[in-house]
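Colleague: Take a look at this one; I'll ask things after.
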Amino acid sequence: MDHTSTAQRRRQLPPDAEDRVIREARKEGVFAGLTSGLASAIIGSHLMRFNRNTTIFCGVVTGILSGYYFTKALTDTAVAQLRAEQIRQAAERDQIGASSVSSNQ
């Protein structure tokens with residue numbers, strides 16, 4: 001029993017797991033926004049021959065929108081995976097608890 005509870009404690013998610021995945025998704029979203037904004041500005045200035053102000057506007061708007069949508073998608077995905085892991089761990093604990101109760105009888 002002591003070995004089982006030690007193994008369960010080792011496999012539990014940290015209390016701040018949700019904060020960690022959200023923070024990581026935000027970092028990745030910012031990076032995606034910056035890179036897409038830069039790519040958009042380069043495409044706008046070289047291929048579409050936008051003037052300076054239009055290129056800056058195009059890059060900023062594209063970066064903000066793509067960063068927002070990437071952050072939202074990455075956050076939703078990471079939180080869903082975290083919830084699935086929590087459910088899996090809870091089911092595993094219930095299964096271990098039920099087997100220890102039945103073996104004690």
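Chain labels A, B, ... are given in the sequence in which chains occur in the structure tokens; within each chain residues are numbered consecutively from 1, and ligands are likewise numbered from 1 in the order shown.
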Tell me, as a PyMOL selection string, which residues lie within 10 Å of region 17-27 of chain A, counting only C-alpha atoms; anything in the same chain fewer than 4 positions away does not count.
Modeller: chain A and resi 13+31-33+67-68+70-79+81-83
Colleague: For the alpha helix (DSSP H) assignment from backbone DSSP, which residues of chain A qualify? Please present them as an MDAnalysis selection string.
Modeller: chainID A and resid 2:11 17:42 52:104
Colleague: When you look at region 56-61 of chain A with a cut-off of 8 Å (counting only C-alpha atoms), what residues show up, excluding the ones that are within fewer than 3 positions of it in the same chain? I need them as a list in words.
Modeller: Ser36, Gly37, Leu38, Ala39, Ser40, Ala41, Gly44, Arg52, Asn53, Ile64 and Leu65 of chain A
Colleague: Go through A:Ala91, A:Arg49, A:Ser66, A:Ile96 and flag the residue nearest Val30 (chain A), using only C-alpha atoms for the distances.
Modeller: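 Ranking A:Ala91, A:Arg49, A:Ser66, A:Ile96 by distance to Val30 (chain A), first place goes to A:Ser66.
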Colleague: Please measure the separation of CA of Asp16 (chain A) and CA of Gln89 (chain A), giving the value in Å to one decimal.
Modeller: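 For CA of Asp16 (chain A) relative to CA of Gln89 (chain A), the distance reads 16.2 Å.
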